[in-house]
>>> print(open('input-v8.csv').read())   # CSV, C-alpha atoms
chain,number,residue,atom,x,y,z
C,1,MET,CA,83.7,161.6,89.9
C,2,LYS,CA,87.0,162.3,91.6
C,3,LYS,CA,85.9,160.4,94.7
C,4,SER,CA,84.7,157.4,92.6
C,5,SER,CA,88.0,157.3,90.8
C,6,LYS,CA,89.9,157.3,94.1
C,7,VAL,CA,87.8,154.4,95.3
C,8,LEU,CA,88.3,152.4,92.1
C,9,SER,CA,92.0,153.0,92.2
C,10,GLY,CA,92.1,151.9,95.8
C,11,LEU,CA,90.3,148.7,95.0
C,12,ILE,CA,92.6,147.9,92.1
C,13,LEU,CA,95.6,148.5,94.3
C,14,ALA,CA,94.2,146.2,97.1
C,15,VAL,CA,93.5,143.4,94.6
C,16,PHE,CA,97.0,143.7,93.2
C,17,LEU,CA,98.7,143.6,96.6
C,18,SER,CA,96.6,140.6,97.7
C,19,VAL,CA,97.6,138.7,94.6
C,20,LEU,CA,101.3,139.7,95.0
C,21,LEU,CA,101.3,138.6,98.7
C,22,ALA,CA,99.5,135.3,97.9
C,23,GLY,CA,102.1,134.6,95.3
C,24,CYS,CA,105.0,135.3,97.6
C,25,GLY,CA,103.6,132.9,100.2
C,26,SER,CA,102.8,129.9,98.0
C,27,GLU,CA,104.7,126.9,96.9
C,28,THR,CA,104.5,125.0,93.6
C,29,LYS,CA,103.6,121.3,94.0
C,30,SER,CA,104.4,118.4,91.8
C,31,VAL,CA,102.0,116.0,90.4
C,32,SER,CA,102.7,113.7,93.3
C,33,GLY,CA,101.8,116.4,95.8
C,34,GLU,CA,105.4,117.1,96.9
C,35,SER,CA,106.2,120.8,97.5
C,36,GLN,CA,109.0,122.2,95.4
C,37,GLY,CA,110.9,125.4,95.4
C,38,ASN,CA,111.5,126.5,99.0
C,39,SER,CA,110.3,123.2,100.6
C,40,GLN,CA,112.4,121.6,103.2
C,41,PRO,CA,114.0,118.2,102.5
C,42,VAL,CA,112.0,115.2,103.7
C,43,GLU,CA,113.8,113.2,106.4
C,44,VAL,CA,113.6,109.4,105.7
C,45,ASN,CA,114.3,106.7,108.3
C,46,ILE,CA,116.1,103.8,106.7
C,47,ALA,CA,117.0,100.7,108.9
C,48,LEU,CA,119.8,98.3,108.2
C,49,ASN,CA,118.7,94.8,109.3
C,50,GLY,CA,121.5,92.5,110.4
C,51,GLY,CA,123.4,90.3,108.0
C,52,LEU,CA,124.9,91.5,104.7
C,53,SER,CA,122.9,93.9,102.6
C,54,PRO,CA,123.7,95.9,99.5
C,55,ILE,CA,122.3,98.8,101.4
C,56,GLN,CA,125.5,98.9,103.4
C,57,ILE,CA,127.4,99.2,100.1
C,58,GLY,CA,125.1,101.9,98.8
C,59,ARG,CA,125.5,103.8,102.0
C,60,GLU,CA,129.3,103.6,101.9
C,61,LYS,CA,129.5,104.6,98.2
C,62,GLY,CA,127.0,107.5,98.5
C,63,ILE,CA,124.5,105.9,96.2
C,64,PHE,CA,121.5,106.3,98.4
C,65,GLU,CA,122.3,109.9,99.2
C,66,GLU,CA,122.7,110.7,95.5
C,67,GLU,CA,119.4,109.1,94.6
C,68,PHE,CA,117.6,110.7,97.5
C,69,ALA,CA,118.9,114.2,96.7
C,70,LYS,CA,117.1,114.0,93.4
C,71,VAL,CA,113.8,113.8,95.3
C,72,ASN,CA,114.7,116.4,98.0
C,73,ALA,CA,115.2,113.8,100.8
C,74,THR,CA,117.8,113.2,103.4
C,75,ILE,CA,118.4,109.9,105.3
C,76,ASN,CA,118.5,109.0,109.0
C,77,TRP,CA,120.2,105.6,109.4
C,78,SER,CA,119.6,103.0,112.1
C,79,LYS,CA,120.7,99.4,112.6
C,80,PHE,CA,119.0,96.3,114.0
C,81,THR,CA,120.4,92.8,114.7
C,82,SER,CA,117.2,91.2,113.4
C,83,GLY,CA,113.7,91.7,112.2
C,84,PRO,CA,111.6,91.6,115.4
C,85,PRO,CA,113.1,94.7,117.1
C,86,LEU,CA,113.0,96.5,113.7
C,87,LEU,CA,109.2,95.8,113.5
C,88,GLU,CA,108.6,97.5,116.8
C,89,SER,CA,110.3,100.6,115.5
C,90,LEU,CA,108.4,100.5,112.3
C,91,ALA,CA,105.1,100.3,114.2
C,92,SER,CA,106.1,103.5,116.1
C,93,LYS,CA,106.9,105.2,112.8
C,94,ARG,CA,110.7,105.3,113.5
C,95,VAL,CA,111.4,103.2,110.4
C,96,ASP,CA,110.1,104.1,106.9
C,97,LEU,CA,112.1,101.8,104.7
C,98,SER,CA,114.1,98.6,105.3
C,99,THR,CA,114.6,95.0,104.5
C,100,LEU,CA,113.0,92.0,106.3
C,101,GLY,CA,113.6,88.2,106.3
C,102,ASP,CA,110.7,85.9,105.7
C,103,GLY,CA,110.0,85.2,109.3
C,104,ALA,CA,109.7,88.9,110.4
C,105,THR,CA,107.7,89.7,107.3
C,106,LEU,CA,105.1,87.1,107.9
C,107,SER,CA,104.8,87.6,111.7
C,108,GLY,CA,104.6,91.4,111.2
C,109,LEU,CA,101.8,91.1,108.6
C,110,ASP,CA,100.0,88.7,110.9
C,111,ARG,CA,100.1,91.3,113.6
C,112,GLY,CA,98.6,93.9,111.2
C,113,LEU,CA,101.7,96.1,111.3
C,114,PRO,CA,101.5,99.0,108.8
C,115,PHE,CA,103.9,98.0,106.0
C,116,GLU,CA,103.9,96.6,102.5
C,117,VAL,CA,106.4,94.4,100.6
C,118,ILE,CA,107.6,96.5,97.6
C,119,ALA,CA,110.2,94.0,96.2
C,120,GLN,CA,112.0,90.7,96.9
C,121,THR,CA,115.8,90.5,96.8
C,122,GLN,CA,116.6,86.8,96.9
C,123,LEU,CA,114.9,83.4,97.3
C,124,GLY,CA,117.1,82.6,100.3
C,125,GLU,CA,117.8,78.9,99.4
C,126,THR,CA,121.3,79.1,100.9
C,127,LEU,CA,120.7,81.7,103.6
C,128,ASN,CA,120.0,79.4,106.6
C,129,GLY,CA,121.2,76.1,108.1
C,130,ILE,CA,121.1,73.9,111.2
C,131,LEU,CA,124.6,73.7,112.7
C,132,VAL,CA,126.0,71.1,115.1
C,133,HIS,CA,129.4,70.6,116.6
C,134,PRO,CA,131.9,68.7,114.4
C,135,ASP,CA,132.2,65.9,117.1
C,136,SER,CA,128.4,65.8,117.7
C,137,ASP,CA,126.5,62.6,117.7
C,138,ILE,CA,123.8,64.4,115.8
C,139,LYS,CA,124.2,63.3,112.2
C,140,LYS,CA,120.7,64.0,110.8
C,141,VAL,CA,117.7,66.2,111.5
C,142,GLU,CA,115.9,63.3,113.2
C,143,ASP,CA,118.7,63.2,115.8
C,144,LEU,CA,117.7,66.6,117.1
C,145,LYS,CA,114.8,65.1,119.1
C,146,GLY,CA,115.2,66.0,122.7
C,147,LYS,CA,118.2,68.2,122.0
C,148,LYS,CA,118.8,71.9,122.9
C,149,VAL,CA,118.5,74.1,119.8
C,150,THR,CA,119.1,77.8,119.8
C,151,VAL,CA,117.2,80.0,117.4
C,152,ALA,CA,116.1,83.6,117.2
C,153,TYR,CA,112.3,83.6,117.4
C,154,GLY,CA,110.4,85.4,114.7
C,155,THR,CA,113.3,85.4,112.2
C,156,THR,CA,114.0,83.6,109.0
C,157,VAL,CA,115.9,80.8,110.9
C,158,HIS,CA,112.8,80.2,113.0
C,159,VAL,CA,110.7,79.5,109.9
C,160,TYR,CA,113.5,77.4,108.5
C,161,LEU,CA,113.7,75.2,111.6
C,162,ILE,CA,110.0,74.6,111.7
C,163,LYS,CA,110.0,73.6,108.0
C,164,ALA,CA,113.1,71.4,108.4
C,165,LEU,CA,111.7,69.6,111.4
C,166,LYS,CA,108.4,69.0,109.5
C,167,ALA,CA,110.2,67.6,106.5
C,168,HIS,CA,111.7,65.0,108.8
C,169,GLY,CA,108.6,64.1,110.8
C,170,LEU,CA,109.3,66.3,113.8
C,171,THR,CA,107.8,69.5,115.3
C,172,SER,CA,109.1,72.2,117.6
C,173,GLU,CA,107.7,70.2,120.5
C,174,ASP,CA,110.3,67.5,119.8
C,175,VAL,CA,113.2,69.8,120.6
C,176,GLU,CA,114.1,72.1,123.4
C,177,LEU,CA,114.1,75.6,121.8
C,178,ILE,CA,116.3,78.3,123.3
C,179,ASN,CA,115.3,81.8,122.0
C,180,LEU,CA,118.5,83.9,121.6
C,181,GLN,CA,119.5,86.6,119.2
C,182,PRO,CA,122.3,85.7,116.7
C,183,ASP,CA,125.3,86.9,118.8
C,184,ASP,CA,124.0,85.2,121.9
C,185,SER,CA,123.2,82.1,119.9
C,186,GLN,CA,126.8,82.0,118.7
C,187,ALA,CA,128.2,82.4,122.2
C,188,ALA,CA,125.9,79.6,123.5
C,189,PHE,CA,126.9,77.3,120.6
C,190,ASN,CA,130.6,78.0,120.9
C,191,SER,CA,130.5,77.3,124.7
C,192,ASN,CA,128.7,74.0,124.1
C,193,LYS,CA,125.6,75.2,126.1
C,194,VAL,CA,123.4,74.0,123.2
C,195,ASP,CA,123.5,71.0,120.9
C,196,ALA,CA,122.5,72.9,117.7
C,197,TRP,CA,122.2,76.4,116.3
C,198,VAL,CA,119.9,77.5,113.5
C,199,ALA,CA,122.0,80.3,111.9
C,200,PHE,CA,121.7,82.6,108.9
C,201,ASP,CA,124.6,84.1,107.0
C,202,PRO,CA,127.1,85.5,107.7
C,203,PHE,CA,127.1,83.4,110.9
C,204,GLN,CA,126.4,80.1,109.2
C,205,THR,CA,129.1,80.2,106.6
C,206,THR,CA,131.7,81.8,108.9
C,207,THR,CA,131.2,79.2,111.6
C,208,ILE,CA,131.5,76.3,109.1
C,209,GLU,CA,134.5,77.8,107.3
C,210,LYS,CA,136.3,78.1,110.6
C,211,GLY,CA,135.8,74.4,111.2
C,212,ASN,CA,133.6,75.0,114.3
C,213,ALA,CA,130.4,73.4,112.9
C,214,ILE,CA,128.9,71.2,110.2
C,215,LYS,CA,125.5,71.7,108.5
C,216,LEU,CA,122.8,69.1,108.6
C,217,ASP,CA,121.2,68.0,105.3
C,218,VAL,CA,117.5,68.7,105.0
C,219,ASP,CA,115.4,66.6,102.7
C,220,GLU,CA,113.5,69.5,101.2
C,221,LYS,CA,114.3,72.7,99.4
C,222,ILE,CA,113.4,75.5,101.8
C,223,LEU,CA,113.2,79.0,100.4
C,224,ALA,CA,113.5,82.1,102.6
C,225,PRO,CA,112.6,85.1,100.5
C,226,ALA,CA,114.0,88.4,101.7
C,227,SER,CA,112.0,91.6,101.1
C,228,LEU,CA,112.2,95.3,100.8
C,229,ILE,CA,109.5,97.0,102.7
C,230,VAL,CA,107.9,100.4,103.2
C,231,ARG,CA,105.8,101.8,106.0
C,232,THR,CA,102.4,102.1,104.3
C,233,ASP,CA,101.5,105.7,105.1
C,234,PHE,CA,105.0,106.9,104.2
C,235,GLY,CA,104.7,105.2,100.8
C,236,LYS,CA,101.4,106.8,100.1
C,237,GLU,CA,102.7,110.3,101.1
C,238,HIS,CA,106.1,110.0,99.4
C,239,PRO,CA,105.9,107.5,96.4
C,240,GLU,CA,108.8,109.2,94.6
C,241,ILE,CA,111.1,108.5,97.7
C,242,VAL,CA,110.1,104.8,97.7
C,243,GLU,CA,111.0,104.6,94.0
C,244,ALA,CA,114.3,106.3,94.7
C,245,TYR,CA,115.0,103.7,97.4
C,246,LEU,CA,114.4,100.9,95.0
C,247,ARG,CA,116.6,102.5,92.3
C,248,ALA,CA,119.4,103.0,94.9
C,249,TYR,CA,119.1,99.4,96.1
C,250,LYS,CA,119.4,98.1,92.6
C,251,LYS,CA,122.4,100.4,91.8
C,252,SER,CA,124.1,99.3,95.0
C,253,LEU,CA,123.6,95.6,94.1
C,254,GLU,CA,125.0,96.2,90.6
C,255,TRP,CA,128.0,98.0,92.0
C,256,GLN,CA,128.5,95.0,94.4
C,257,ASN,CA,128.4,92.5,91.6
C,258,GLU,CA,130.9,94.5,89.5
C,259,HIS,CA,133.3,95.1,92.4
C,260,LEU,CA,133.2,91.9,94.5
C,261,ASP,CA,136.6,92.2,96.1
C,262,GLU,CA,136.0,95.8,97.2
C,263,ALA,CA,132.5,95.0,98.3
C,264,ALA,CA,133.8,92.1,100.5
C,265,GLU,CA,136.3,94.6,102.0
C,266,ILE,CA,133.5,97.0,102.9
C,267,TYR,CA,131.6,94.2,104.6
C,268,GLU,CA,134.8,93.1,106.3
C,269,ALA,CA,135.2,96.6,107.9
C,270,GLU,CA,131.6,96.4,109.0
C,271,THR,CA,131.4,92.9,110.3
C,272,LYS,CA,135.1,92.2,111.2
C,273,LEU,CA,134.8,88.9,109.3
C,274,PRO,CA,137.4,87.7,106.7
C,275,ALA,CA,136.8,89.2,103.2
C,276,ASN,CA,137.3,85.8,101.5
C,277,ILE,CA,134.4,84.3,103.4
C,278,LEU,CA,132.2,87.3,102.9
C,279,LYS,CA,132.8,87.1,99.2
C,280,LYS,CA,131.7,83.5,99.2
C,281,ILE,CA,128.5,84.4,101.0
C,282,ILE,CA,127.5,87.3,98.7
C,283,THR,CA,128.0,85.1,95.6
C,284,ALA,CA,126.2,82.0,97.0
C,285,GLU,CA,123.0,82.7,95.2
C,286,GLU,CA,121.5,85.2,92.7
C,287,ASN,CA,120.2,88.5,94.1
C,288,GLY,CA,118.1,91.1,92.5
C,289,VAL,CA,115.1,93.5,92.8
C,290,PHE,CA,112.0,91.6,91.7
C,291,ILE,CA,108.6,90.2,92.7
C,292,SER,CA,108.3,86.5,91.7
C,293,GLU,CA,105.5,84.0,91.9
C,294,GLU,CA,108.0,81.5,93.3
C,295,ALA,CA,108.8,83.7,96.3
C,296,ASN,CA,105.1,84.5,96.8
C,297,LYS,CA,104.2,80.8,96.8
C,298,ALA,CA,107.0,80.1,99.3
C,299,GLN,CA,105.7,82.8,101.6
C,300,GLN,CA,102.1,81.5,101.4
C,301,GLU,CA,103.3,78.0,102.3
C,302,SER,CA,105.1,79.4,105.2
C,303,ILE,CA,102.0,81.2,106.5
C,304,GLN,CA,100.2,77.8,106.5
C,305,VAL,CA,103.1,76.1,108.3
C,306,LEU,CA,103.4,78.9,110.9
C,307,SER,CA,99.7,78.8,111.5
C,308,ASP,CA,99.7,75.0,112.0
C,309,VAL,CA,102.2,75.3,114.8
C,310,GLY,CA,100.4,78.3,116.4
C,311,TYR,CA,103.2,80.8,115.8
C,312,ILE,CA,100.9,83.1,113.8
C,313,LYS,CA,97.2,83.5,114.4
C,314,ASN,CA,95.7,84.1,111.0
C,315,ILE,CA,95.9,82.5,107.5
C,316,TYR,CA,96.0,85.4,105.2
C,317,GLN,CA,96.8,86.0,101.6
C,318,TYR,CA,100.5,87.1,101.3
C,319,LYS,CA,100.0,88.6,97.9
C,320,ASP,CA,97.5,91.1,99.3
C,321,HIS,CA,100.4,92.8,101.1
C,322,VAL,CA,102.7,92.9,98.0
C,323,ASN,CA,102.6,96.3,96.2
C,324,ASP,CA,104.4,96.1,92.8
C,325,ALA,CA,103.4,99.7,91.8
C,326,TYR,CA,106.6,101.3,93.2
C,327,LEU,CA,108.9,98.8,91.5
C,328,ASN,CA,107.1,99.1,88.2
C,329,GLU,CA,107.4,102.9,88.3
C,330,ALA,CA,111.0,102.9,89.5
C,331,LEU,CA,112.2,100.6,86.8
C,332,LYS,CA,109.9,101.6,83.9
C,333,ASN,CA,112.7,103.3,81.9
C,334,GLU,CA,115.2,100.5,82.2
>>> encode(input="input-v8.csv", output="structure tokens")
Amino acid sequence: MKKSSKVLSGLILAVFLSVLLAGCGSETKSVSGESQGNSQPVEVNIALNGGLSPIQIGREKGIFEEEFAKVNATINWSKFTSGPPLLESLASKRVDLSTLGDGATLSGLDRGLPFEVIAQTQLGETLNGILVHPDSDIKKVEDLKGKKVTVAYGTTVHVYLIKALKAHGLTSEDVELINLQPDDSQAAFNSNKVDAWVAFDPFQTTTIEKGNAIKLDVDEKILAPASLIVRTDFGKEHPEIVEAYLRAYKKSLEWQNEHLDEAAEIYEAETKLPANILKKIITAEENGVFISEEANKAQQESIQVLSDVGYIKNIYQYKDHVNDAYLNEALKNE
């Protein structure tokens, strides 16, 4: 009996110790699958994409860090001059969240790159323009035939140019395209090495305000929807971080709209451009965090246009790559 009692006591002790040790080594997980308690913060790669973005405001004011701390995440920031180089980093998993113009969005989806559109931020009606020198003999879009035009391939201005030429009975074959990134395009234009420059803001408005260019009228309303995007696998793994990103963007935009002068000064420090011009740019059209049928329709039309000229290979359904679940969840209590 004594031997049996000792064996039984030993078994009970072993079970107790195994349960205790298992408890010490475990982590509690949330419904989303994220570890809590002693888990390490998730590092998130957010890319700034040229131009002027409320993300810059949110970064400066600590809005993104505050929202991300709530979901146990830290941020690695990077910056790109335009969408095409950003897409390459996204494909190699060095970008998780960012913004894209319409051109980079559509070409990236055409290439099958692993990202989704999670919101749109503006329709982009005033974003782009075709600039010519003030003393140029180019007075209308039709006059561009045979002229040298600089444009950054694969960006929003590339799409804009193709659509503008089509609206006036021309194609890309009717002009001599010079593929340059924005800074190089500006240098080429200012030194009169090209006849026209297709520019987005802040380059467009700044150049016009300085008296160095005039903008050609286009006989068609051309939308250029800007998007917030997520690397698909990252979103599936960390939905709560994607939602925090959307909330932070919205809060940054609201802060910008409520503090226009200070926001313009923040952009001035970043871009070295005059605050009064920057204020004019950020108030040129309505911004938000939304998904709209108007934007979806404009993107689908752009897919057709880009396919017609051979810039993209496939005609696909843009809406198949728009995921509104993150936005709905992020804003459900507002």
>>> atom_distance(input="input-v8.csv", atom1="CA of Phe200 in chain C", atom2="CA of Ala275 in chain C")
17.4 Å
>>> closest_atom_pairs(input="input-v8.csv", of="range 215-319 of chain C", to="range 159-170 of chain C", cutoff="10 Å", atoms="all atoms listed in the file", output="JSON lines")
{"residue": "C:Leu216", "atom": "CA", "partner": "C:Ala164", "partner_atom": "CA", "distance": 10.0}
{"residue": "C:Asp217", "atom": "CA", "partner": "C:Ala164", "partner_atom": "CA", "distance": 9.3}
{"residue": "C:Val218", "atom": "CA", "partner": "C:Ala164", "partner_atom": "CA", "distance": 6.2}
{"residue": "C:Asp219", "atom": "CA", "partner": "C:Ala167", "partner_atom": "CA", "distance": 6.5}
{"residue": "C:Glu220", "atom": "CA", "partner": "C:Ala167", "partner_atom": "CA", "distance": 6.5}
{"residue": "C:Lys221", "atom": "CA", "partner": "C:Ala164", "partner_atom": "CA", "distance": 9.2}
{"residue": "C:Ile222", "atom": "CA", "partner": "C:Tyr160", "partner_atom": "CA", "distance": 7.0}
{"residue": "C:Leu223", "atom": "CA", "partner": "C:Tyr160", "partner_atom": "CA", "distance": 8.3}
{"residue": "C:Ala224", "atom": "CA", "partner": "C:Tyr160", "partner_atom": "CA", "distance": 7.5}
{"residue": "C:Glu301", "atom": "CA", "partner": "C:Lys163", "partner_atom": "CA", "distance": 9.8}
{"residue": "C:Ser302", "atom": "CA", "partner": "C:Val159", "partner_atom": "CA", "distance": 7.3}
{"residue": "C:Ile303", "atom": "CA", "partner": "C:Val159", "partner_atom": "CA", "distance": 9.5}
{"residue": "C:Val305", "atom": "CA", "partner": "C:Lys163", "partner_atom": "CA", "distance": 7.3}
{"residue": "C:Leu306", "atom": "CA", "partner": "C:Val159", "partner_atom": "CA", "distance": 7.4}
{"residue": "C:Val309", "atom": "CA", "partner": "C:Ile162", "partner_atom": "CA", "distance": 8.4}
{"residue": "C:Tyr311", "atom": "CA", "partner": "C:Val159", "partner_atom": "CA", "distance": 9.6}
>>> closest_residue(input="input-v8.csv", among="C:Ala295, C:Leu86, C:Val230, C:Leu48", to="Tyr326 in chain C", atoms="only C-alpha atoms")
C:Val230
>>> residues_around(input="input-v8.csv", residues="Ala69 in chain C", least_positions_apart="3", cutoff="12 Å", atoms="all atoms listed in the file", output="PyMOL selection string")
chain C and resi 40-44+62-66+72-75+240-241+244-245+248
>>> residues_around(input="input-v8.csv", residues="range 128-139 of chain C", least_positions_apart="6", cutoff="7 Å", atoms="all atoms listed in the file", output="list in words")
Val157, Asp195, Ala196, Trp197, Val198, Ala199, Phe200, Asp201, Gln204, Asn212, Ala213, Ile214, Lys215 and Leu216 of chain C
>>> write_last_selection(input="input-v8.csv", atoms="C-alpha atoms", output="short mmCIF file (atom, residue, chain, number, x, y, z; two decimals), keeping the file's coordinate frame")
data_model
loop_
_atom_site.label_atom_id
_atom_site.label_comp_id
_atom_site.auth_asym_id
_atom_site.auth_seq_id
_atom_site.Cartn_x
_atom_site.Cartn_y
_atom_site.Cartn_z
CA VAL C 157 115.90 80.80 110.90
CA ASP C 195 123.50 71.00 120.90
CA ALA C 196 122.50 72.90 117.70
CA TRP C 197 122.20 76.40 116.30
CA VAL C 198 119.90 77.50 113.50
CA ALA C 199 122.00 80.30 111.90
CA PHE C 200 121.70 82.60 108.90
CA ASP C 201 124.60 84.10 107.00
CA GLN C 204 126.40 80.10 109.20
CA ASN C 212 133.60 75.00 114.30
CA ALA C 213 130.40 73.40 112.90
CA ILE C 214 128.90 71.20 110.20
CA LYS C 215 125.50 71.70 108.50
CA LEU C 216 122.80 69.10 108.60
#
>>> atom_distance(input="input-v8.csv", atom1="CA of Gln181 in chain C", atom2="CA of Leu273 in chain C")
18.4 Å
>>> residues_around(input="input-v8.csv", residues="range 97-109 of chain C", least_positions_apart="6", cutoff="8 Å", atoms="all atoms listed in the file", output="PyMOL selection string")
chain C and resi 44-49+83-84+87+115+154-159+224-231+242+299+303+312+321
>>> write_last_selection(input="input-v8.csv", atoms="C-alpha atoms", output="short mmCIF file (atom, residue, chain, number, x, y, z; two decimals), in the frame of the given file")
data_model
loop_
_atom_site.label_atom_id
_atom_site.label_comp_id
_atom_site.auth_asym_id
_atom_site.auth_seq_id
_atom_site.Cartn_x
_atom_site.Cartn_y
_atom_site.Cartn_z
CA VAL C 44 113.60 109.40 105.70
CA ASN C 45 114.30 106.70 108.30
CA ILE C 46 116.10 103.80 106.70
CA ALA C 47 117.00 100.70 108.90
CA LEU C 48 119.80 98.30 108.20
CA ASN C 49 118.70 94.80 109.30
CA GLY C 83 113.70 91.70 112.20
CA PRO C 84 111.60 91.60 115.40
CA LEU C 87 109.20 95.80 113.50
CA PHE C 115 103.90 98.00 106.00
CA GLY C 154 110.40 85.40 114.70
CA THR C 155 113.30 85.40 112.20
CA THR C 156 114.00 83.60 109.00
CA VAL C 157 115.90 80.80 110.90
CA HIS C 158 112.80 80.20 113.00
CA VAL C 159 110.70 79.50 109.90
CA ALA C 224 113.50 82.10 102.60
CA PRO C 225 112.60 85.10 100.50
CA ALA C 226 114.00 88.40 101.70
CA SER C 227 112.00 91.60 101.10
CA LEU C 228 112.20 95.30 100.80
CA ILE C 229 109.50 97.00 102.70
CA VAL C 230 107.90 100.40 103.20
CA ARG C 231 105.80 101.80 106.00
CA VAL C 242 110.10 104.80 97.70
CA GLN C 299 105.70 82.80 101.60
CA ILE C 303 102.00 81.20 106.50
CA ILE C 312 100.90 83.10 113.80
CA HIS C 321 100.40 92.80 101.10
#
>>> closest_residue(input="input-v8.csv", among="C:Ala187, C:Gln256, C:Val71, C:Tyr153", to="Pro85 in chain C", atoms="all atoms listed in the file")
C:Tyr153
